[in-house]
file run-v6.txt (compact mmCIF, C-alpha atoms)
# COMPACT_ATOMS: atom_id res chain seq x y z
CA MET R 1 83.08 106.93 163.99
CA SER R 2 84.29 103.47 162.98
CA PRO R 3 87.65 102.04 164.10
CA ALA R 4 88.91 102.42 160.53
CA GLU R 5 87.90 106.07 160.42
CA GLU R 6 89.48 106.74 163.81
CA THR R 7 92.82 105.41 162.61
CA GLY R 8 92.61 106.94 159.16
CA GLY R 9 92.36 103.54 157.50
CA ASP R 10 90.33 102.39 154.53
CA VAL R 11 86.57 102.34 154.91
CA GLY R 12 84.32 99.59 153.54
CA PRO R 13 80.87 98.08 154.16
CA LEU R 14 82.21 96.16 157.18
CA SER R 15 84.48 98.89 158.54
CA ASN R 16 82.20 99.27 161.58
CA ASP R 17 82.53 95.58 162.39
CA ILE R 18 84.78 93.45 164.56
CA LEU R 19 84.88 89.74 163.70
CA LEU R 20 85.81 87.20 166.38
CA VAL R 21 86.64 83.68 165.23
CA CYS R 22 86.39 81.32 168.21
CA LEU R 23 87.20 77.84 166.97
CA PRO R 24 89.26 74.91 168.34
CA LEU R 25 92.20 75.45 166.01
CA PRO R 26 95.35 77.55 166.04
CA GLU R 27 95.14 81.04 164.65
CA LYS R 28 95.49 81.28 160.89
CA PRO R 29 97.23 84.62 160.21
CA GLU R 30 96.84 84.15 156.47
CA CYS R 31 93.07 83.93 156.88
CA ALA R 32 92.88 87.10 158.98
CA GLU R 33 95.11 88.89 156.48
CA ARG R 34 92.95 87.81 153.55
CA LEU R 35 89.76 88.96 155.27
CA THR R 36 91.12 92.36 156.27
CA LYS R 37 92.40 92.95 152.75
CA LYS R 38 89.12 91.88 151.18
CA PHE R 39 86.88 93.79 153.61
CA LYS R 40 88.42 97.20 154.15
CA GLY R 41 88.32 98.38 157.76
CA LEU R 42 87.17 95.04 159.20
CA GLN R 43 88.92 94.05 162.42
CA VAL R 44 89.59 90.34 162.88
CA ARG R 45 90.29 88.69 166.24
CA TRP R 46 91.08 85.02 166.81
CA LEU R 47 90.44 82.92 169.90
CA SER R 48 91.50 79.28 169.96
CA ALA R 49 88.87 77.45 172.01
CA LEU R 50 90.60 75.49 174.77
CA LYS R 51 88.14 72.61 175.10
CA PRO R 52 86.07 71.90 171.98
CA GLY R 53 82.42 71.21 172.77
CA GLN R 54 82.76 72.48 176.35
CA PRO R 55 81.49 75.78 177.79
CA LEU R 56 83.93 78.63 177.27
CA ALA R 57 86.39 78.90 180.15
CA ASP R 58 86.89 82.09 182.16
CA ALA R 59 90.24 82.63 180.41
CA GLU R 60 88.41 82.67 177.08
CA LEU R 61 85.93 85.33 178.19
CA HIS R 62 88.38 88.17 178.72
CA PRO R 63 86.74 91.54 177.92
CA ASP R 64 89.64 92.61 175.71
CA VAL R 65 88.77 89.75 173.34
CA TRP R 66 85.00 90.24 173.23
CA ASP R 67 84.61 94.00 173.55
CA GLY R 68 82.89 95.55 170.52
CA VAL R 69 82.46 92.25 168.63
CA THR R 70 79.68 92.46 166.03
CA LEU R 71 80.39 89.36 163.90
CA LEU R 72 81.01 86.02 165.58
CA SER R 73 81.96 82.51 164.53
CA THR R 74 81.70 80.01 167.39
CA TYR R 75 80.09 76.73 168.39
CA MET R 76 79.66 77.35 172.11
CA PRO R 77 77.42 80.30 173.07
CA PRO R 78 79.18 82.96 175.17
CA PRO R 79 77.27 84.82 177.90
CA ALA R 80 74.85 87.28 176.29
CA GLU R 81 76.18 90.20 178.32
CA ILE R 82 79.60 90.09 176.65
CA ILE R 83 78.24 90.18 173.08
CA PRO R 84 75.67 93.01 173.16
CA LYS R 85 76.63 94.29 169.71
CA VAL R 86 76.71 90.98 167.83
CA ARG R 87 74.50 91.08 164.72
CA PHE R 88 75.68 87.96 162.88
CA VAL R 89 76.70 84.49 164.10
CA GLN R 90 78.31 81.92 161.83
CA LEU R 91 78.07 78.49 163.43
CA PRO R 92 80.65 75.81 162.53
CA SER R 93 78.00 73.09 162.90
CA ALA R 94 75.12 71.97 160.68
CA GLY R 95 72.61 72.71 163.45
CA VAL R 96 72.12 75.28 166.22
CA ASP R 97 72.67 72.75 169.06
CA ARG R 98 73.37 74.82 172.23
CA TRP R 99 71.88 78.14 171.07
CA PRO R 100 68.06 77.86 171.41
CA GLY R 101 67.00 79.88 174.45
CA HIS R 102 70.05 82.13 174.31
CA PRO R 103 69.02 85.84 174.27
CA LYS R 104 70.92 86.49 171.05
CA TYR R 105 69.30 83.50 169.36
CA GLU R 106 65.89 84.76 170.43
CA ASP R 107 66.69 88.19 168.98
CA LYS R 108 65.31 88.04 165.43
CA ASP R 109 67.53 90.96 164.39
CA VAL R 110 70.61 88.76 164.82
CA ILE R 111 71.32 86.56 161.79
CA PHE R 112 72.38 82.97 162.49
CA CYS R 113 73.88 80.80 159.75
CA THR R 114 75.07 77.21 159.95
CA SER R 115 77.94 75.53 158.15
CA ASN R 116 75.63 72.99 156.55
CA GLY R 117 77.49 71.38 153.66
CA VAL R 118 81.06 71.46 154.97
CA HIS R 119 80.64 68.07 156.65
CA ALA R 120 78.95 66.29 153.76
CA PRO R 121 81.93 64.73 151.93
CA GLN R 122 83.54 63.09 154.95
CA ILE R 123 80.30 61.98 156.61
CA ALA R 124 79.01 60.45 153.39
CA GLU R 125 82.27 58.50 153.13
CA TRP R 126 81.75 57.27 156.70
CA VAL R 127 78.24 56.05 155.81
CA ILE R 128 79.26 54.22 152.67
CA GLY R 129 82.44 52.92 154.33
CA ALA R 130 80.40 51.42 157.18
CA TRP R 131 77.95 49.89 154.70
CA LEU R 132 80.66 48.36 152.54
CA SER R 133 82.54 47.08 155.59
CA HIS R 134 79.44 45.24 156.72
CA GLN R 135 78.45 43.93 153.30
CA HIS R 136 81.96 42.64 152.60
CA LYS R 137 82.41 41.18 156.10
CA PHE R 138 85.48 43.25 157.03
CA PRO R 139 84.85 42.91 160.80
CA HIS R 140 84.56 39.14 160.38
CA TYR R 141 87.89 38.91 158.56
CA ALA R 142 89.55 41.26 161.05
CA GLU R 143 88.61 38.80 163.81
CA LEU R 144 90.07 35.90 161.82
CA MET R 145 93.37 37.76 161.53
CA LYS R 146 93.76 37.66 165.33
CA THR R 147 94.16 33.86 165.20
CA GLY R 148 95.82 33.66 161.80
CA PHE R 149 92.95 31.67 160.32
CA TRP R 150 92.64 31.52 156.54
CA GLU R 151 88.94 30.89 155.99
CA SER R 152 87.55 29.18 152.94
CA PRO R 153 86.36 31.71 150.33
CA PHE R 154 82.96 30.04 150.67
CA GLY R 155 82.83 30.58 154.43
CA ALA R 156 80.92 33.86 154.39
CA ASN R 157 78.22 35.26 152.15
CA VAL R 158 78.95 38.63 150.56
CA GLU R 159 76.52 41.01 148.86
CA ASP R 160 77.65 43.89 146.68
CA SER R 161 75.75 47.16 146.35
CA THR R 162 74.64 47.11 142.74
CA GLY R 163 70.86 47.02 142.47
CA ARG R 164 70.38 47.63 146.22
CA ARG R 165 68.17 50.45 147.49
CA VAL R 166 69.20 53.18 149.91
CA GLY R 167 66.61 55.30 151.70
CA ILE R 168 67.90 58.64 152.92
CA LEU R 169 65.83 60.03 155.79
CA GLY R 170 66.66 63.72 155.53
CA TYR R 171 67.83 64.76 152.06
CA GLY R 172 70.07 67.67 152.97
CA ALA R 173 73.73 68.21 152.16
CA ILE R 174 74.91 64.99 153.82
CA GLY R 175 72.08 62.96 152.34
CA ARG R 176 72.79 64.32 148.87
CA GLN R 177 76.47 63.44 148.96
CA THR R 178 75.61 60.00 150.31
CA ALA R 179 73.25 59.62 147.37
CA ARG R 180 76.05 60.58 144.99
CA LEU R 181 78.37 57.91 146.37
CA ALA R 182 75.62 55.30 146.54
CA SER R 183 74.64 56.01 142.94
CA ALA R 184 78.23 55.43 141.87
CA LEU R 185 77.91 51.97 143.43
CA GLY R 186 74.82 51.27 141.34
CA MET R 187 72.33 51.75 144.18
CA GLU R 188 68.84 53.16 143.76
CA VAL R 189 68.16 56.24 145.88
CA TYR R 190 64.91 57.07 147.68
CA ALA R 191 64.77 60.48 149.39
CA TYR R 192 62.65 61.66 152.31
CA THR R 193 62.11 65.33 153.20
CA ARG R 194 59.94 67.11 155.72
CA THR R 195 58.05 69.10 153.10
CA GLU R 196 56.93 68.02 149.66
CA ARG R 197 59.30 68.58 146.72
CA PRO R 198 56.96 68.05 143.74
CA THR R 199 58.80 70.09 141.10
CA PRO R 200 62.39 70.17 139.81
CA ALA R 201 62.79 73.69 141.19
CA SER R 202 61.67 72.60 144.67
CA ARG R 203 64.30 69.84 144.71
CA VAL R 204 67.22 72.24 144.24
CA ASP R 205 69.45 72.75 147.29
CA ASP R 206 70.75 76.29 147.75
CA SER R 207 72.90 75.60 150.81
CA TYR R 208 76.70 75.52 150.75
CA CYS R 209 78.10 72.70 148.62
CA VAL R 210 81.73 71.64 148.31
CA PRO R 211 82.48 71.87 144.57
CA GLY R 212 82.14 68.56 142.75
CA THR R 213 80.04 66.91 145.46
CA GLY R 214 76.43 66.31 146.38
CA ASP R 215 73.24 66.48 144.37
CA PRO R 216 72.47 70.22 144.28
CA GLY R 217 69.88 69.79 141.55
CA GLY R 218 68.04 66.97 143.30
CA LEU R 219 68.42 64.71 140.27
CA LEU R 220 69.54 61.43 141.85
CA PRO R 221 66.52 60.06 143.75
CA ALA R 222 64.31 57.63 141.86
CA LYS R 223 61.48 58.49 144.26
CA TRP R 224 60.72 61.29 146.72
CA PHE R 225 58.75 60.94 149.94
CA HIS R 226 57.73 63.55 152.50
CA GLY R 227 55.77 64.25 155.65
CA THR R 228 55.92 64.85 159.38
CA ALA R 229 53.60 62.09 160.62
CA ARG R 230 54.89 58.69 161.68
CA GLU R 231 52.61 57.13 159.08
CA ASP R 232 54.52 59.02 156.39
CA VAL R 233 57.84 57.80 157.78
CA ASN R 234 56.57 54.24 158.05
CA ASN R 235 55.46 54.30 154.42
CA PHE R 236 58.96 55.37 153.42
CA LEU R 237 60.58 52.66 155.55
CA ALA R 238 58.33 50.05 153.93
CA GLN R 239 59.96 50.56 150.51
CA ASP R 240 62.25 47.51 150.78
CA LEU R 241 65.30 49.51 151.83
CA ASP R 242 68.61 47.67 152.00
CA LEU R 243 70.29 50.66 153.62
CA LEU R 244 68.61 53.35 155.72
CA VAL R 245 70.60 56.52 156.34
CA ILE R 246 69.42 58.86 159.10
CA SER R 247 70.59 62.38 158.31
CA LEU R 248 67.93 64.75 159.57
CA PRO R 249 67.92 67.28 162.44
CA LEU R 250 66.82 66.19 165.91
CA THR R 251 63.61 67.95 166.90
CA SER R 252 60.58 67.05 169.00
CA GLU R 253 59.09 65.62 165.79
CA THR R 254 62.05 63.38 165.00
CA ARG R 255 63.06 62.10 168.45
CA HIS R 256 62.85 58.28 168.43
CA ILE R 257 61.68 58.42 164.83
CA ILE R 258 63.09 54.89 164.62
CA SER R 259 61.68 52.66 167.36
CA ALA R 260 60.19 49.18 167.78
CA GLU R 261 57.41 49.77 165.25
CA GLN R 262 59.86 51.01 162.64
CA PHE R 263 62.28 48.14 163.23
CA GLU R 264 59.44 45.72 162.59
CA ILE R 265 58.90 47.39 159.19
CA LEU R 266 62.61 47.43 158.39
CA GLY R 267 62.87 43.80 159.43
CA LYS R 268 60.97 42.65 156.36
CA LYS R 269 64.04 43.52 154.27
CA LYS R 270 66.55 43.19 157.13
CA SER R 271 67.81 46.69 156.46
CA PHE R 272 71.19 48.04 157.53
CA ILE R 273 70.91 51.32 159.45
CA ALA R 274 73.48 54.13 159.53
CA ASN R 275 72.90 57.04 161.91
CA ILE R 276 75.14 60.09 161.59
CA ALA R 277 72.59 62.64 162.82
CA ARG R 278 71.86 62.50 166.57
CA GLY R 279 71.56 59.62 169.00
CA GLY R 280 68.05 60.67 170.00
CA HIS R 281 66.68 59.68 166.62
CA ILE R 282 66.80 56.00 167.56
CA ASP R 283 65.21 54.20 170.50
CA GLN R 284 68.39 52.40 171.53
CA ASP R 285 66.66 49.68 173.55
CA ALA R 286 64.62 48.83 170.46
CA LEU R 287 67.81 48.87 168.36
CA ILE R 288 69.56 46.46 170.70
CA LYS R 289 66.61 44.08 170.51
CA ALA R 290 66.49 44.35 166.70
CA LEU R 291 70.19 43.49 166.49
CA GLU R 292 70.11 40.68 169.04
CA THR R 293 67.12 39.00 167.36
CA GLY R 294 68.48 39.44 163.84
CA GLN R 295 65.52 41.61 162.88
CA ILE R 296 67.91 43.89 160.96
CA ARG R 297 71.18 42.89 159.35
CA GLY R 298 73.28 45.44 161.23
CA ALA R 299 73.83 49.07 162.10
CA ALA R 300 76.50 51.75 162.29
CA LEU R 301 76.26 54.62 164.76
CA ASP R 302 78.43 57.69 164.92
CA VAL R 303 76.03 59.19 167.47
CA THR R 304 74.50 57.81 170.66
CA ASP R 305 72.32 58.94 173.54
CA PRO R 306 74.01 59.88 175.80
CA GLU R 307 77.44 60.95 174.62
CA PRO R 308 79.94 59.83 175.70
CA LEU R 309 78.32 56.40 175.83
CA PRO R 310 79.01 54.83 179.27
CA ALA R 311 81.45 51.93 179.20
CA ASP R 312 78.86 49.58 180.71
CA HIS R 313 76.08 50.49 178.26
CA ALA R 314 74.43 47.47 176.62
CA LEU R 315 74.86 49.02 173.18
CA TRP R 316 78.57 48.17 173.20
CA LYS R 317 77.74 44.46 173.33
CA ALA R 318 75.12 44.42 170.58
CA PRO R 319 76.01 42.19 167.59
CA ASN R 320 76.62 43.44 164.05
CA LEU R 321 77.06 47.00 165.28
CA LEU R 322 79.76 49.58 164.61
CA ILE R 323 80.05 52.51 167.04
CA THR R 324 82.38 55.44 166.51
CA PRO R 325 82.62 58.37 168.98
CA HIS R 326 80.93 61.11 166.93
CA VAL R 327 83.88 61.52 164.58
CA SER R 328 82.35 61.14 161.11
CA TRP R 329 82.62 64.92 160.65
CA LYS R 330 86.39 64.87 160.97
CA THR R 331 88.75 65.68 158.12
CA ASP R 332 91.85 67.83 157.76
CA SER R 333 89.90 69.85 155.18
CA LEU R 334 87.14 70.84 157.62
CA TRP R 335 88.59 74.10 158.88
CA ASP R 336 89.31 75.48 155.43
CA ARG R 337 85.70 74.71 154.45
CA LEU R 338 84.36 76.38 157.61
CA LEU R 339 86.37 79.51 156.90
CA ASP R 340 85.21 79.40 153.28
CA VAL R 341 81.56 79.53 154.39
CA LEU R 342 82.37 82.36 156.80
CA GLU R 343 84.12 84.38 154.09
CA LEU R 344 81.28 83.75 151.64
CA ASN R 345 78.71 85.05 154.11
CA LEU R 346 80.86 88.06 154.99
CA GLU R 347 80.95 88.90 151.30
CA LYS R 348 77.16 88.65 151.12
CA LEU R 349 76.82 90.82 154.22
CA ALA R 350 79.11 93.41 152.67
CA THR R 351 77.22 93.47 149.37
CA GLY R 352 73.68 93.19 150.72
CA GLN R 353 73.00 89.78 149.18
CA PRO R 354 70.97 87.00 150.84
CA LEU R 355 73.20 84.86 153.06
CA ILE R 356 73.54 81.08 152.73
CA ASN R 357 72.54 78.53 155.37
CA VAL R 358 70.38 81.01 157.29
CA VAL R 359 68.78 79.29 160.30
CA ASN R 360 65.02 78.80 160.38
CA ARG R 361 64.20 79.83 163.97
CA GLN R 362 61.03 77.71 163.99
CA LEU R 363 62.76 74.50 162.89
CA HIS R 364 66.13 75.30 164.52
CA TYR R 365 68.22 74.37 161.47

call {"tool": "encode", "arguments": {"input": "run-v6.txt", "output": "structure tokens"}}
result
Amino acid sequence: MSPAEETGGDVGPLSNDILLVCLPLPEKPECAERLTKKFKGLQVRWLSALKPGQPLADAELHPDVWDGVTLLSTYMPPPAEIIPKVRFVQLPSAGVDRWPGHPKYEDKDVIFCTSNGVHAPQIAEWVIGAWLSHQHKFPHYAELMKTGFWESPFGANVEDSTGRRVGILGYGAIGRQTARLASALGMEVYAYTRTERPTPASRVDDSYCVPGTGDPGGLLPAKWFHGTAREDVNNFLAQDLDLLVISLPLTSETRHIISAEQFEILGKKKSFIANIARGGHIDQDALIKALETGQIRGAALDVTDPEPLPADHALWKAPNLLITPHVSWKTDSLWDRLLDVLELNLEKLATGQPLINVVNRQLHY
């Protein structure tokens, strides 16, 4: 007998379920109320994670909180023994990160979904903001302000974006919104995907998309490239890219996908590189050399390897480089979008429809 039946309450498709939301934000009573009204009989529990990105503390693993949980939204994996009944996990991230190897992740009967798409608007703004800041010499003028020096308007060369070419390595939700913003600046978009997208139907993205954003139809790229071999990547990088955006998952295939060989290719156009994916995508020693020798015009990193980046790391001293501490995902709108994805998937669970952002267990995204 379900909890709803035991108490004489309303019964619905999720009346046998207990949802635990474990996120680093204060409880939202209005959200819990909306979910329990929409899904009759569903129990909703809320746990505010004490230290975001850190393993769950003992105080957060109290049996009263986790007992009977069947639906879970969390970033950090809890011990498998306290979630024996979990059948669905909604991750707040775009990837699975800490979950591979966890018994529940290895259980193919448990559905895992990401929140791919909720981070796209703010991260795309970070990418284009970093690009524009470099092209319009904002860091240079910020330095001049420290000494109160009014430089001649002819002191620095400035290039606008119109007619420039952006190559997006990983044309997912973030890449598509970046393409949208770049197109508005008059840039030409080249897209790279792991598998071939030869037809209009194959270029459609069915993941979560914030209304009014992105390129869900795959209409913006002037050219599409694909492949898993380094030769395929190198061919893409050789397309005279002014801006290269790295926005693909980190896997064994993509680790150090940009290294000395690739910088040599990018050096022909002196590309600007923006990495908002994972630090492991770039060979950082090779990046430092490319920046110090002027092989590329500059770079912007929101991710490094390791994180946090040690204070004495040589990357901090590299020229023409912007580093931010993995914050491009941040926006006050994030949590509402995360809960929107969760509610959407709960509705699909309740009605037997295919869920969105279901994780591919082979590719881990």

call {"tool": "closest_residue", "arguments": {"input": "run-v6.txt", "among": "R:Gln43, R:Ser152, R:Gln122, R:Gln295", "to": "Ala260 of chain R", "atoms": "all atoms listed in the file"}}
result
R:Gln295

call {"tool": "residues_around", "arguments": {"input": "run-v6.txt", "residues": "Gln90 of chain R", "least_positions_apart": "6", "cutoff": "7 Å", "atoms": "only C-alpha atoms", "output": "ChimeraX atom specification"}}
result
/R:72-74,112-114,342

call {"tool": "closest_residue", "arguments": {"input": "run-v6.txt", "among": "R:Pro308, R:Gly170, R:Pro78, R:Gly129", "to": "Phe225 of chain R", "atoms": "all atoms listed in the file"}}
result
R:Gly170

call {"tool": "residues_near_point", "arguments": {"input": "run-v6.txt", "point": "(66.0, 74.5, 169.9)", "cutoff": "12 Å", "atoms": "only C-alpha atoms", "output": "MDAnalysis selection string"}}
result
chainID R and resid 95:102 105:106 249:253 359:365

call {"tool": "closest_residue", "arguments": {"input": "run-v6.txt", "among": "R:Leu47, R:Thr331, R:Gly12, R:Asp285", "to": "Thr351 of chain R", "atoms": "all atoms listed in the file"}}
result
R:Gly12

call {"tool": "atom_distance", "arguments": {"input": "run-v6.txt", "atom1": "atom CA of Glu60 of chain R", "atom2": "atom CA of Cys31 of chain R"}}
result
20.8 Å

call {"tool": "residues_near_point", "arguments": {"input": "run-v6.txt", "point": "(79.9, 75.2, 159.4)", "cutoff": "12 Å", "atoms": "only C-alpha atoms", "output": "ChimeraX atom specification"}}
result
/R:23,73-75,89-96,112-120,173,207-210,329,334-345,356-359,365

call {"tool": "atom_distance", "arguments": {"input": "run-v6.txt", "atom1": "atom CA of Ile168 of chain R", "atom2": "atom CA of Ile123 of chain R"}}
result
13.4 Å

call {"tool": "build_atoms", "arguments": {"input": "run-v6.txt", "residues": "segment 233-251 of chain R", "atoms": "N, CA, C and O atoms", "output": "JSON list (two decimals), in the coordinates of the input"}}
result
[["chain", "number", "residue", "atom", "x", "y", "z"],
["R", 233, "VAL", "N", 56.52, 58.43, 157.61],
["R", 233, "VAL", "CA", 57.84, 57.80, 157.78],
["R", 233, "VAL", "C", 57.74, 56.30, 157.58],
["R", 233, "VAL", "O", 58.57, 55.69, 156.89],
["R", 234, "ASN", "N", 56.73, 55.70, 158.16],
["R", 234, "ASN", "CA", 56.57, 54.24, 158.05],
["R", 234, "ASN", "C", 56.38, 53.81, 156.61],
["R", 234, "ASN", "O", 56.88, 52.76, 156.18],
["R", 235, "ASN", "N", 55.65, 54.60, 155.84],
["R", 235, "ASN", "CA", 55.46, 54.30, 154.42],
["R", 235, "ASN", "C", 56.79, 54.32, 153.69],
["R", 235, "ASN", "O", 57.07, 53.47, 152.83],
["R", 236, "PHE", "N", 57.63, 55.28, 154.03],
["R", 236, "PHE", "CA", 58.96, 55.37, 153.42],
["R", 236, "PHE", "C", 59.81, 54.15, 153.81],
["R", 236, "PHE", "O", 60.48, 53.55, 152.95],
["R", 237, "LEU", "N", 59.77, 53.78, 155.07],
["R", 237, "LEU", "CA", 60.58, 52.66, 155.55],
["R", 237, "LEU", "C", 60.12, 51.33, 154.95],
["R", 237, "LEU", "O", 60.89, 50.37, 154.90],
["R", 238, "ALA", "N", 58.89, 51.29, 154.49],
["R", 238, "ALA", "CA", 58.33, 50.05, 153.93],
["R", 238, "ALA", "C", 58.69, 49.83, 152.46],
["R", 238, "ALA", "O", 58.15, 48.92, 151.82],
["R", 239, "GLN", "N", 59.61, 50.64, 151.94],
["R", 239, "GLN", "CA", 59.96, 50.56, 150.51],
["R", 239, "GLN", "C", 61.10, 49.59, 150.21],
["R", 239, "GLN", "O", 61.89, 49.81, 149.30],
["R", 240, "ASP", "N", 61.22, 48.54, 151.00],
["R", 240, "ASP", "CA", 62.25, 47.51, 150.78],
["R", 240, "ASP", "C", 63.65, 48.13, 150.72],
["R", 240, "ASP", "O", 64.40, 47.95, 149.76],
["R", 241, "LEU", "N", 64.01, 48.84, 151.78],
["R", 241, "LEU", "CA", 65.30, 49.51, 151.83],
["R", 241, "LEU", "C", 66.38, 48.55, 152.32],
["R", 241, "LEU", "O", 66.25, 47.92, 153.37],
["R", 242, "ASP", "N", 67.46, 48.45, 151.56],
["R", 242, "ASP", "CA", 68.61, 47.67, 152.00],
["R", 242, "ASP", "C", 69.45, 48.47, 153.00],
["R", 242, "ASP", "O", 69.99, 47.91, 153.95],
["R", 243, "LEU", "N", 69.53, 49.75, 152.76],
["R", 243, "LEU", "CA", 70.29, 50.66, 153.62],
["R", 243, "LEU", "C", 69.42, 51.85, 153.97],
["R", 243, "LEU", "O", 68.86, 52.49, 153.08],
["R", 244, "LEU", "N", 69.30, 52.15, 155.26],
["R", 244, "LEU", "CA", 68.61, 53.35, 155.72],
["R", 244, "LEU", "C", 69.64, 54.29, 156.33],
["R", 244, "LEU", "O", 70.37, 53.91, 157.24],
["R", 245, "VAL", "N", 69.68, 55.51, 155.83],
["R", 245, "VAL", "CA", 70.60, 56.52, 156.34],
["R", 245, "VAL", "C", 69.79, 57.59, 157.06],
["R", 245, "VAL", "O", 68.88, 58.19, 156.47],
["R", 246, "ILE", "N", 70.11, 57.83, 158.32],
["R", 246, "ILE", "CA", 69.42, 58.86, 159.10],
["R", 246, "ILE", "C", 70.29, 60.10, 159.10],
["R", 246, "ILE", "O", 71.38, 60.12, 159.66],
["R", 247, "SER", "N", 69.79, 61.15, 158.45],
["R", 247, "SER", "CA", 70.59, 62.38, 158.31],
["R", 247, "SER", "C", 69.71, 63.61, 158.40],
["R", 247, "SER", "O", 69.81, 64.52, 157.58],
["R", 248, "LEU", "N", 68.83, 63.62, 159.40],
["R", 248, "LEU", "CA", 67.93, 64.75, 159.57],
["R", 248, "LEU", "C", 68.14, 65.37, 160.95],
["R", 248, "LEU", "O", 68.71, 64.74, 161.85],
["R", 249, "PRO", "N", 67.72, 66.62, 161.15],
["R", 249, "PRO", "CA", 67.92, 67.28, 162.44],
["R", 249, "PRO", "C", 67.09, 66.60, 163.53],
["R", 249, "PRO", "O", 66.04, 66.01, 163.27],
["R", 250, "LEU", "N", 67.56, 66.70, 164.76],
["R", 250, "LEU", "CA", 66.82, 66.19, 165.91],
["R", 250, "LEU", "C", 65.91, 67.28, 166.45],
["R", 250, "LEU", "O", 66.36, 68.33, 166.90],
["R", 251, "THR", "N", 64.62, 67.04, 166.38],
["R", 251, "THR", "CA", 63.61, 67.95, 166.90],
["R", 251, "THR", "C", 62.61, 67.12, 167.71],
["R", 251, "THR", "O", 62.72, 65.89, 167.79]]
